[in-house]
file final_27.txt (compact mmCIF, N, CA and C atoms)
# COMPACT_ATOMS: atom_id res chain seq x y z
N MET A 1 76.35 116.47 69.02
CA MET A 1 76.92 117.77 68.74
C MET A 1 77.52 117.74 67.35
N LYS A 2 77.22 118.75 66.59
CA LYS A 2 77.78 118.87 65.25
C LYS A 2 78.92 119.88 65.33
N LEU A 3 80.11 119.42 64.94
CA LEU A 3 81.28 120.29 64.96
C LEU A 3 81.35 121.12 63.69
N PRO A 4 81.99 122.29 63.76
CA PRO A 4 82.11 123.14 62.57
C PRO A 4 82.84 122.46 61.41
N HIS A 5 83.82 121.63 61.71
CA HIS A 5 84.58 120.91 60.68
C HIS A 5 84.47 119.42 60.94
N CYS A 6 84.11 118.65 59.96
CA CYS A 6 84.01 117.21 60.11
C CYS A 6 85.31 116.57 59.61
N HIS A 7 85.97 115.82 60.49
CA HIS A 7 87.22 115.15 60.12
C HIS A 7 87.08 113.63 60.23
N GLY A 8 85.86 113.14 60.23
CA GLY A 8 85.63 111.70 60.25
C GLY A 8 85.69 111.07 61.63
N GLU A 9 85.55 111.87 62.69
CA GLU A 9 85.63 111.33 64.04
C GLU A 9 84.40 110.51 64.41
N GLY A 10 83.26 110.89 63.91
CA GLY A 10 82.02 110.16 64.15
C GLY A 10 81.65 110.01 65.61
N GLN A 11 81.37 108.76 66.02
CA GLN A 11 80.90 108.44 67.37
C GLN A 11 81.92 108.79 68.44
N GLN A 12 83.19 108.79 68.10
CA GLN A 12 84.23 109.09 69.08
C GLN A 12 84.04 110.49 69.66
N ILE A 13 83.61 111.42 68.85
CA ILE A 13 83.39 112.80 69.31
C ILE A 13 82.30 112.84 70.37
N ALA A 14 81.26 112.06 70.21
CA ALA A 14 80.18 112.04 71.21
C ALA A 14 80.71 111.54 72.55
N LEU A 15 81.55 110.52 72.53
CA LEU A 15 82.13 109.99 73.76
C LEU A 15 83.07 111.00 74.41
N ILE A 16 83.87 111.65 73.60
CA ILE A 16 84.78 112.68 74.11
C ILE A 16 84.00 113.84 74.69
N GLN A 17 82.96 114.27 73.99
CA GLN A 17 82.14 115.38 74.46
C GLN A 17 81.48 115.05 75.79
N GLU A 18 81.05 113.80 75.93
CA GLU A 18 80.43 113.38 77.19
C GLU A 18 81.41 113.53 78.35
N GLN A 19 82.65 113.15 78.14
CA GLN A 19 83.66 113.30 79.18
C GLN A 19 83.98 114.77 79.44
N LEU A 20 84.08 115.56 78.37
CA LEU A 20 84.37 116.99 78.53
C LEU A 20 83.29 117.71 79.34
N ASP A 21 82.07 117.22 79.25
CA ASP A 21 80.97 117.85 79.98
C ASP A 21 81.03 117.60 81.49
N HIS A 22 81.84 116.65 81.92
CA HIS A 22 82.02 116.39 83.36
C HIS A 22 83.09 117.33 83.91
N THR A 23 82.78 118.60 83.96
CA THR A 23 83.77 119.59 84.39
C THR A 23 84.22 119.37 85.83
N ASP A 24 83.37 118.74 86.65
CA ASP A 24 83.76 118.47 88.03
C ASP A 24 84.96 117.52 88.09
N HIS A 25 85.05 116.59 87.15
CA HIS A 25 86.20 115.68 87.10
C HIS A 25 87.48 116.46 86.81
N PHE A 26 87.39 117.36 85.87
CA PHE A 26 88.56 118.15 85.51
C PHE A 26 88.95 119.10 86.64
N GLN A 27 87.97 119.59 87.38
CA GLN A 27 88.25 120.45 88.52
C GLN A 27 89.00 119.67 89.59
N THR A 28 88.62 118.43 89.82
CA THR A 28 89.31 117.58 90.80
C THR A 28 90.76 117.38 90.40
N VAL A 29 91.00 117.10 89.13
CA VAL A 29 92.37 116.92 88.63
C VAL A 29 93.16 118.22 88.80
N ALA A 30 92.54 119.35 88.48
CA ALA A 30 93.21 120.64 88.62
C ALA A 30 93.60 120.90 90.08
N GLU A 31 92.72 120.53 91.01
CA GLU A 31 93.02 120.72 92.43
C GLU A 31 94.22 119.88 92.86
N VAL A 32 94.32 118.65 92.37
CA VAL A 32 95.46 117.81 92.71
C VAL A 32 96.74 118.41 92.15
N PHE A 33 96.70 118.81 90.88
CA PHE A 33 97.89 119.38 90.28
C PHE A 33 98.27 120.72 90.91
N LYS A 34 97.29 121.45 91.40
CA LYS A 34 97.57 122.72 92.08
C LYS A 34 98.44 122.48 93.32
N GLN A 35 98.21 121.36 94.00
CA GLN A 35 99.01 121.04 95.18
C GLN A 35 100.48 120.89 94.83
N LEU A 36 100.75 120.46 93.61
CA LEU A 36 102.13 120.26 93.19
C LEU A 36 102.65 121.44 92.38
N GLY A 37 101.97 122.56 92.45
CA GLY A 37 102.40 123.76 91.75
C GLY A 37 103.44 124.56 92.52
N ASP A 38 103.86 124.05 93.66
CA ASP A 38 104.85 124.72 94.49
C ASP A 38 106.03 123.78 94.70
N MET A 39 107.24 124.27 94.44
CA MET A 39 108.44 123.44 94.55
C MET A 39 108.57 122.80 95.92
N ASN A 40 108.30 123.55 96.98
CA ASN A 40 108.46 122.99 98.32
C ASN A 40 107.44 121.91 98.60
N ARG A 41 106.23 122.05 98.09
CA ARG A 41 105.25 120.98 98.26
C ARG A 41 105.67 119.73 97.52
N ILE A 42 106.24 119.90 96.35
CA ILE A 42 106.74 118.74 95.60
C ILE A 42 107.85 118.06 96.39
N ARG A 43 108.76 118.84 96.94
CA ARG A 43 109.85 118.27 97.73
C ARG A 43 109.32 117.51 98.94
N ILE A 44 108.36 118.11 99.63
CA ILE A 44 107.78 117.47 100.81
C ILE A 44 107.05 116.19 100.40
N PHE A 45 106.25 116.27 99.37
CA PHE A 45 105.51 115.09 98.92
C PHE A 45 106.47 113.98 98.50
N TRP A 46 107.49 114.33 97.73
CA TRP A 46 108.47 113.34 97.28
C TRP A 46 109.16 112.69 98.49
N LEU A 47 109.56 113.49 99.45
CA LEU A 47 110.19 112.96 100.66
C LEU A 47 109.26 111.97 101.36
N LEU A 48 107.99 112.36 101.51
CA LEU A 48 107.04 111.52 102.23
C LEU A 48 106.63 110.28 101.44
N CYS A 49 106.94 110.24 100.16
CA CYS A 49 106.74 109.02 99.38
C CYS A 49 107.81 107.98 99.73
N HIS A 50 108.91 108.45 100.32
CA HIS A 50 110.04 107.57 100.62
C HIS A 50 110.18 107.23 102.10
N CYS A 51 109.57 108.02 102.97
CA CYS A 51 109.68 107.74 104.40
C CYS A 51 108.57 108.47 105.15
N GLU A 52 108.39 108.05 106.39
CA GLU A 52 107.44 108.70 107.29
C GLU A 52 108.25 109.61 108.19
N GLU A 53 107.83 110.86 108.33
CA GLU A 53 108.59 111.83 109.13
C GLU A 53 107.67 112.77 109.88
N CYS A 54 108.25 113.37 110.93
CA CYS A 54 107.56 114.41 111.69
C CYS A 54 107.93 115.77 111.10
N VAL A 55 107.19 116.79 111.47
CA VAL A 55 107.40 118.14 110.94
C VAL A 55 108.83 118.63 111.20
N ILE A 56 109.33 118.40 112.39
CA ILE A 56 110.67 118.90 112.73
C ILE A 56 111.74 118.28 111.84
N ASN A 57 111.64 116.98 111.60
CA ASN A 57 112.61 116.33 110.73
C ASN A 57 112.46 116.76 109.27
N ILE A 58 111.22 116.92 108.83
CA ILE A 58 110.99 117.40 107.46
C ILE A 58 111.61 118.78 107.31
N ALA A 59 111.37 119.65 108.28
CA ALA A 59 111.92 121.00 108.24
C ALA A 59 113.44 120.98 108.18
N ALA A 60 114.06 120.12 108.98
CA ALA A 60 115.52 120.03 108.99
C ALA A 60 116.04 119.53 107.64
N MET A 61 115.40 118.50 107.09
CA MET A 61 115.86 117.93 105.83
C MET A 61 115.72 118.91 104.67
N LEU A 62 114.68 119.73 104.70
CA LEU A 62 114.43 120.67 103.62
C LEU A 62 114.99 122.07 103.91
N ARG A 63 115.61 122.21 105.09
CA ARG A 63 116.17 123.50 105.51
C ARG A 63 115.10 124.60 105.47
N MET A 64 113.97 124.26 106.09
CA MET A 64 112.84 125.18 106.18
C MET A 64 112.44 125.29 107.64
N SER A 65 111.62 126.28 107.96
CA SER A 65 111.10 126.38 109.31
C SER A 65 109.93 125.40 109.48
N SER A 66 109.70 125.00 110.72
CA SER A 66 108.57 124.10 111.00
C SER A 66 107.23 124.71 110.59
N PRO A 67 106.99 126.02 110.88
CA PRO A 67 105.72 126.61 110.44
C PRO A 67 105.57 126.60 108.91
N ALA A 68 106.66 126.80 108.19
CA ALA A 68 106.58 126.76 106.72
C ALA A 68 106.23 125.36 106.24
N VAL A 69 106.83 124.35 106.85
CA VAL A 69 106.52 122.97 106.48
C VAL A 69 105.05 122.67 106.79
N SER A 70 104.59 123.07 107.97
CA SER A 70 103.20 122.84 108.35
C SER A 70 102.25 123.52 107.36
N HIS A 71 102.62 124.70 106.91
CA HIS A 71 101.82 125.43 105.92
C HIS A 71 101.65 124.61 104.64
N HIS A 72 102.69 123.90 104.22
CA HIS A 72 102.64 123.10 103.00
C HIS A 72 102.00 121.73 103.24
N LEU A 73 102.11 121.19 104.44
CA LEU A 73 101.51 119.89 104.73
C LEU A 73 99.99 119.94 104.69
N ARG A 74 99.43 121.04 105.16
CA ARG A 74 97.96 121.15 105.26
C ARG A 74 97.26 120.91 103.93
N PRO A 75 97.61 121.62 102.85
CA PRO A 75 96.90 121.35 101.59
C PRO A 75 97.20 119.97 101.02
N LEU A 76 98.41 119.46 101.24
CA LEU A 76 98.72 118.10 100.77
C LEU A 76 97.83 117.08 101.48
N LYS A 77 97.62 117.29 102.76
CA LYS A 77 96.76 116.38 103.53
C LYS A 77 95.30 116.54 103.12
N ASN A 78 94.87 117.79 102.96
CA ASN A 78 93.48 118.04 102.56
C ASN A 78 93.15 117.45 101.20
N SER A 79 94.15 117.37 100.34
CA SER A 79 93.91 116.81 99.00
C SER A 79 93.99 115.29 98.99
N GLY A 80 94.37 114.70 100.12
CA GLY A 80 94.45 113.25 100.20
C GLY A 80 95.75 112.65 99.71
N LEU A 81 96.74 113.51 99.39
CA LEU A 81 98.02 112.99 98.90
C LEU A 81 98.89 112.45 100.03
N ILE A 82 98.72 112.99 101.24
CA ILE A 82 99.48 112.49 102.39
C ILE A 82 98.50 112.19 103.52
N VAL A 83 98.98 111.37 104.45
CA VAL A 83 98.19 111.04 105.64
C VAL A 83 99.07 111.25 106.86
N SER A 84 98.45 111.30 108.02
CA SER A 84 99.21 111.49 109.25
C SER A 84 98.74 110.50 110.30
N ARG A 85 99.61 110.29 111.27
CA ARG A 85 99.25 109.49 112.44
C ARG A 85 99.91 110.13 113.65
N ARG A 86 99.24 110.05 114.77
CA ARG A 86 99.75 110.64 116.01
C ARG A 86 100.29 109.53 116.89
N GLU A 87 101.46 109.81 117.46
CA GLU A 87 102.06 108.92 118.45
C GLU A 87 102.47 109.80 119.62
N GLY A 88 101.66 109.78 120.66
CA GLY A 88 101.89 110.69 121.77
C GLY A 88 101.66 112.12 121.30
N LYS A 89 102.67 112.98 121.51
CA LYS A 89 102.56 114.37 121.07
C LYS A 89 103.06 114.57 119.64
N GLU A 90 103.71 113.56 119.11
CA GLU A 90 104.33 113.66 117.78
C GLU A 90 103.35 113.23 116.68
N VAL A 91 103.33 113.97 115.57
CA VAL A 91 102.53 113.62 114.41
C VAL A 91 103.49 113.25 113.28
N TYR A 92 103.25 112.10 112.68
CA TYR A 92 104.08 111.61 111.59
C TYR A 92 103.28 111.65 110.29
N TYR A 93 103.97 112.02 109.22
CA TYR A 93 103.34 112.14 107.90
C TYR A 93 104.00 111.20 106.91
N CYS A 94 103.19 110.71 105.97
CA CYS A 94 103.72 109.92 104.86
C CYS A 94 102.74 110.03 103.70
N ALA A 95 103.19 109.62 102.52
CA ALA A 95 102.32 109.64 101.35
C ALA A 95 101.17 108.67 101.56
N ALA A 96 100.01 109.04 101.09
CA ALA A 96 98.84 108.17 101.19
C ALA A 96 99.06 106.94 100.33
N ASP A 97 98.54 105.82 100.77
CA ASP A 97 98.64 104.58 100.01
C ASP A 97 97.48 104.51 99.02
N THR A 98 97.54 105.40 98.03
CA THR A 98 96.49 105.47 97.01
C THR A 98 97.12 105.44 95.63
N GLU A 99 96.32 105.06 94.67
CA GLU A 99 96.80 105.05 93.28
C GLU A 99 97.18 106.47 92.84
N GLN A 100 96.42 107.45 93.30
CA GLN A 100 96.69 108.84 92.96
C GLN A 100 98.08 109.27 93.45
N SER A 101 98.41 108.96 94.69
CA SER A 101 99.72 109.32 95.23
C SER A 101 100.84 108.58 94.51
N ARG A 102 100.63 107.29 94.25
CA ARG A 102 101.66 106.52 93.54
C ARG A 102 101.89 107.07 92.14
N LEU A 103 100.82 107.42 91.45
CA LEU A 103 100.93 107.96 90.11
C LEU A 103 101.69 109.29 90.11
N LEU A 104 101.35 110.18 91.04
CA LEU A 104 102.04 111.46 91.11
C LEU A 104 103.51 111.29 91.49
N HIS A 105 103.79 110.34 92.37
CA HIS A 105 105.18 110.07 92.73
C HIS A 105 105.96 109.60 91.51
N ARG A 106 105.39 108.66 90.76
CA ARG A 106 106.06 108.18 89.53
C ARG A 106 106.25 109.32 88.54
N ALA A 107 105.23 110.17 88.40
CA ALA A 107 105.32 111.29 87.45
C ALA A 107 106.44 112.25 87.86
N ILE A 108 106.54 112.56 89.14
CA ILE A 108 107.59 113.46 89.62
C ILE A 108 108.95 112.86 89.30
N GLU A 109 109.12 111.59 89.62
CA GLU A 109 110.42 110.96 89.38
C GLU A 109 110.75 110.87 87.90
N GLN A 110 109.75 110.60 87.07
CA GLN A 110 109.99 110.54 85.62
C GLN A 110 110.37 111.90 85.07
N VAL A 111 109.68 112.95 85.49
CA VAL A 111 110.00 114.30 85.02
C VAL A 111 111.39 114.69 85.49
N MET A 112 111.74 114.35 86.73
CA MET A 112 113.08 114.66 87.23
C MET A 112 114.13 113.93 86.41
N GLU A 113 113.89 112.68 86.07
CA GLU A 113 114.84 111.90 85.29
C GLU A 113 115.01 112.47 83.89
N ILE A 114 113.93 112.94 83.32
CA ILE A 114 113.97 113.48 81.95
C ILE A 114 114.63 114.85 81.91
N THR A 115 114.32 115.70 82.90
CA THR A 115 114.72 117.10 82.83
C THR A 115 115.95 117.46 83.64
N CYS A 116 116.30 116.67 84.64
CA CYS A 116 117.43 117.03 85.49
C CYS A 116 118.73 116.48 84.91
N PRO A 117 119.77 117.29 84.90
CA PRO A 117 121.05 116.82 84.35
C PRO A 117 121.62 115.68 85.18
N LYS A 118 122.22 114.75 84.49
CA LYS A 118 122.88 113.63 85.18
C LYS A 118 124.20 114.12 85.73
N LEU A 119 124.51 113.71 86.93
CA LEU A 119 125.79 114.11 87.54
C LEU A 119 126.84 113.07 87.28
call {"tool": "encode", "arguments": {"input": "final_27.txt", "output": "structure tokens"}}
result
Amino acid sequence: MKLPHCHGEGQQIALIQEQLDHTDHFQTVAEVFKQLGDMNRIRIFWLLCHCEECVINIAAMLRMSSPAVSHHLRPLKNSGLIVSRREGKEVYYCAADTEQSRLLHRAIEQVMEITCPKL
């Protein structure tokens, strides 16, 4: 690809362009970030990075209704950021043991540290 302005990038531009053409990769990243586009989902995800909990306890900790929590758990689970396990009638949720979940957890904590006032 020949760019309108040449700034001496050379072969690097071809490699960058090759990655840019993989729009499906960028769509996947956008879908993950979309899950964290809601404050309550971030709170739920952050909580589940630190412990395993059932819907009722999550709802109590976040001062939300159980249906509202369930509404937010579904897309987090569908995106692979959290996992669940059933024990009898109770379902427990926690962050998935994946590099993606660990990275997002670290990012959330770093942004909170940078932007939130120290008490």
call {"tool": "axis_aligned_box", "arguments": {"input": "final_27.txt", "around": "segment 18-28 of chain A", "padding_each_side": "6 Å", "output": "AutoDock Vina command-line options"}}
result
--center_x 85.6 --center_y 116.8 --center_z 83.4 --size_x 22.3 --size_y 19.3 --size_z 26.9
call {"tool": "select_by_dssp", "arguments": {"input": "final_27.txt", "residues": "segment 25-103 of chain A", "states": "strand (DSSP E)", "output": "list in words"}}
result
Glu53, Cys54, Ile82, Val83, Ser84, Arg85, Arg86, Glu87, Glu90, Val91, Tyr92, Tyr93, Cys94 and Ala95 of chain A
call {"tool": "write_last_selection", "arguments": {"input": "final_27.txt", "atoms": "N, CA and C atoms", "output": "compact mmCIF listing (two decimals), in the coordinates of the input"}}
result
# COMPACT_ATOMS: atom_id res chain seq x y z
N GLU A 53 107.83 110.86 108.33
CA GLU A 53 108.59 111.83 109.13
C GLU A 53 107.67 112.77 109.88
N CYS A 54 108.25 113.37 110.93
CA CYS A 54 107.56 114.41 111.69
C CYS A 54 107.93 115.77 111.10
N ILE A 82 98.72 112.99 101.24
CA ILE A 82 99.48 112.49 102.39
C ILE A 82 98.50 112.19 103.52
N VAL A 83 98.98 111.37 104.45
CA VAL A 83 98.19 111.04 105.64
C VAL A 83 99.07 111.25 106.86
N SER A 84 98.45 111.30 108.02
CA SER A 84 99.21 111.49 109.25
C SER A 84 98.74 110.50 110.30
N ARG A 85 99.61 110.29 111.27
CA ARG A 85 99.25 109.49 112.44
C ARG A 85 99.91 110.13 113.65
N ARG A 86 99.24 110.05 114.77
CA ARG A 86 99.75 110.64 116.01
C ARG A 86 100.29 109.53 116.89
N GLU A 87 101.46 109.81 117.46
CA GLU A 87 102.06 108.92 118.45
C GLU A 87 102.47 109.80 119.62
N GLU A 90 103.71 113.56 119.11
CA GLU A 90 104.33 113.66 117.78
C GLU A 90 103.35 113.23 116.68
N VAL A 91 103.33 113.97 115.57
CA VAL A 91 102.53 113.62 114.41
C VAL A 91 103.49 113.25 113.28
N TYR A 92 103.25 112.10 112.68
CA TYR A 92 104.08 111.61 111.59
C TYR A 92 103.28 111.65 110.29
N TYR A 93 103.97 112.02 109.22
CA TYR A 93 103.34 112.14 107.90
C TYR A 93 104.00 111.20 106.91
N CYS A 94 103.19 110.71 105.97
CA CYS A 94 103.72 109.92 104.86
C CYS A 94 102.74 110.03 103.70
N ALA A 95 103.19 109.62 102.52
CA ALA A 95 102.32 109.64 101.35
C ALA A 95 101.17 108.67 101.56
call {"tool": "select_by_dssp", "arguments": {"input": "final_27.txt", "residues": "segment 6-116 of chain A", "states": "alpha helix (DSSP H)", "output": "ChimeraX atom specification"}}
result
/A:11-20,23-35,39-50,55-62,66-78,99-115
call {"tool": "closest_residue", "arguments": {"input": "final_27.txt", "among": "A:Leu15, A:Met61, A:Cys116, A:Val32", "to": "Leu48 of chain A", "atoms": "only C-alpha atoms"}}
result
A:Met61
call {"tool": "closest_residue", "arguments": {"input": "final_27.txt", "among": "A:Phe33, A:His72, A:Ala14, A:His50", "to": "Gln100 of chain A", "atoms": "only C-alpha atoms"}}
result
A:Phe33
call {"tool": "residues_around", "arguments": {"input": "final_27.txt", "residues": "Cys49 of chain A", "least_positions_apart": "6", "cutoff": "7 Å", "atoms": "all atoms listed in the file", "output": "ChimeraX atom specification"}}
result
/A:94-96,105
call {"tool": "residues_around", "arguments": {"input": "final_27.txt", "residues": "segment 101-104 of chain A", "least_positions_apart": "3", "cutoff": "12 Å", "atoms": "only C-alpha atoms", "output": "ChimeraX atom specification"}}
result
/A:29,32-33,35-36,42,45-46,48-50,76-77,79-83,94-98,107-111
call {"tool": "atom_distance", "arguments": {"input": "final_27.txt", "atom1": "atom CA of Val69 of chain A", "atom2": "atom CA of Met39 of chain A"}}
result
12.1 Å
call {"tool": "atom_distance", "arguments": {"input": "final_27.txt", "atom1": "atom CA of Glu90 of chain A", "atom2": "atom N of Asn57 of chain A"}}
result
10.1 Å
call {"tool": "atom_distance", "arguments": {"input": "final_27.txt", "atom1": "atom CA of Glu113 of chain A", "atom2": "atom N of Asn40 of chain A"}}
result
17.8 Å
call {"tool": "residues_around", "arguments": {"input": "final_27.txt", "residues": "Ser84 of chain A", "least_positions_apart": "5", "cutoff": "6.5 Å", "atoms": "all atoms listed in the file", "output": "list of chain:residue names"}}
result
A:Val91, A:Tyr92, A:Tyr93, A:Cys94
call {"tool": "build_atoms", "arguments": {"input": "final_27.txt", "residues": "segment 21-32 of chain A", "atoms": "all heavy atoms", "output": "compact mmCIF listing (two decimals), keeping the file's coordinate frame"}}
result
# COMPACT_ATOMS: atom_id res chain seq x y z
N ASP A 21 82.07 117.22 79.25
CA ASP A 21 80.97 117.85 79.98
C ASP A 21 81.03 117.60 81.49
O ASP A 21 80.37 118.29 82.26
CB ASP A 21 79.62 117.38 79.43
CG ASP A 21 79.33 117.95 78.05
OD1 ASP A 21 79.97 118.97 77.68
OD2 ASP A 21 78.49 117.37 77.33
N HIS A 22 81.84 116.65 81.92
CA HIS A 22 82.02 116.39 83.36
C HIS A 22 83.09 117.33 83.91
O HIS A 22 84.18 116.90 84.30
CB HIS A 22 82.41 114.93 83.60
CG HIS A 22 81.32 113.96 83.33
ND1 HIS A 22 80.23 113.80 84.17
CD2 HIS A 22 81.13 113.09 82.31
CE1 HIS A 22 79.43 112.89 83.67
NE2 HIS A 22 79.95 112.43 82.54
N THR A 23 82.78 118.60 83.96
CA THR A 23 83.77 119.59 84.39
C THR A 23 84.22 119.37 85.83
O THR A 23 85.34 119.72 86.19
CB THR A 23 83.23 121.02 84.22
OG1 THR A 23 82.01 121.14 84.96
CG2 THR A 23 83.00 121.34 82.75
N ASP A 24 83.37 118.74 86.65
CA ASP A 24 83.76 118.47 88.03
C ASP A 24 84.96 117.52 88.09
O ASP A 24 85.82 117.65 88.96
CB ASP A 24 82.59 117.94 88.85
CG ASP A 24 81.94 116.70 88.23
OD1 ASP A 24 81.84 116.63 86.99
OD2 ASP A 24 81.53 115.80 88.99
N HIS A 25 85.05 116.59 87.15
CA HIS A 25 86.20 115.68 87.10
C HIS A 25 87.48 116.46 86.81
O HIS A 25 88.51 116.23 87.45
CB HIS A 25 86.01 114.60 86.04
CG HIS A 25 84.86 113.69 86.32
ND1 HIS A 25 84.43 112.77 85.41
CD2 HIS A 25 84.06 113.54 87.41
CE1 HIS A 25 83.41 112.09 85.91
NE2 HIS A 25 83.16 112.55 87.12
N PHE A 26 87.39 117.36 85.87
CA PHE A 26 88.56 118.15 85.51
C PHE A 26 88.95 119.10 86.64
O PHE A 26 90.13 119.36 86.86
CB PHE A 26 88.33 118.91 84.20
CG PHE A 26 88.28 118.00 83.00
CD1 PHE A 26 87.07 117.55 82.51
CD2 PHE A 26 89.45 117.57 82.39
CE1 PHE A 26 87.03 116.69 81.41
CE2 PHE A 26 89.42 116.72 81.29
CZ PHE A 26 88.20 116.27 80.81
N GLN A 27 87.97 119.59 87.38
CA GLN A 27 88.25 120.45 88.52
C GLN A 27 89.00 119.67 89.59
O GLN A 27 89.95 120.19 90.20
CB GLN A 27 86.96 121.05 89.10
CG GLN A 27 87.20 122.02 90.23
CD GLN A 27 88.04 123.21 89.82
OE1 GLN A 27 87.87 123.76 88.74
NE2 GLN A 27 88.98 123.61 90.66
N THR A 28 88.62 118.43 89.82
CA THR A 28 89.31 117.58 90.80
C THR A 28 90.76 117.38 90.40
O THR A 28 91.66 117.50 91.22
CB THR A 28 88.59 116.21 90.92
OG1 THR A 28 87.26 116.43 91.36
CG2 THR A 28 89.32 115.30 91.89
N VAL A 29 91.00 117.10 89.13
CA VAL A 29 92.37 116.92 88.63
C VAL A 29 93.16 118.22 88.80
O VAL A 29 94.32 118.20 89.25
CB VAL A 29 92.37 116.46 87.16
CG1 VAL A 29 93.78 116.44 86.59
CG2 VAL A 29 91.72 115.09 87.03
N ALA A 30 92.54 119.35 88.48
CA ALA A 30 93.21 120.64 88.62
C ALA A 30 93.60 120.90 90.08
O ALA A 30 94.70 121.42 90.35
CB ALA A 30 92.32 121.77 88.11
N GLU A 31 92.72 120.53 91.01
CA GLU A 31 93.02 120.72 92.43
C GLU A 31 94.22 119.88 92.86
O GLU A 31 95.08 120.35 93.62
CB GLU A 31 91.81 120.38 93.30
CG GLU A 31 90.65 121.35 93.16
CD GLU A 31 91.01 122.76 93.59
OE1 GLU A 31 91.73 122.94 94.59
OE2 GLU A 31 90.56 123.70 92.92
N VAL A 32 94.32 118.65 92.37
CA VAL A 32 95.46 117.81 92.71
C VAL A 32 96.74 118.41 92.15
O VAL A 32 97.74 118.53 92.85
CB VAL A 32 95.25 116.37 92.19
CG1 VAL A 32 96.54 115.55 92.30
CG2 VAL A 32 94.13 115.69 92.95
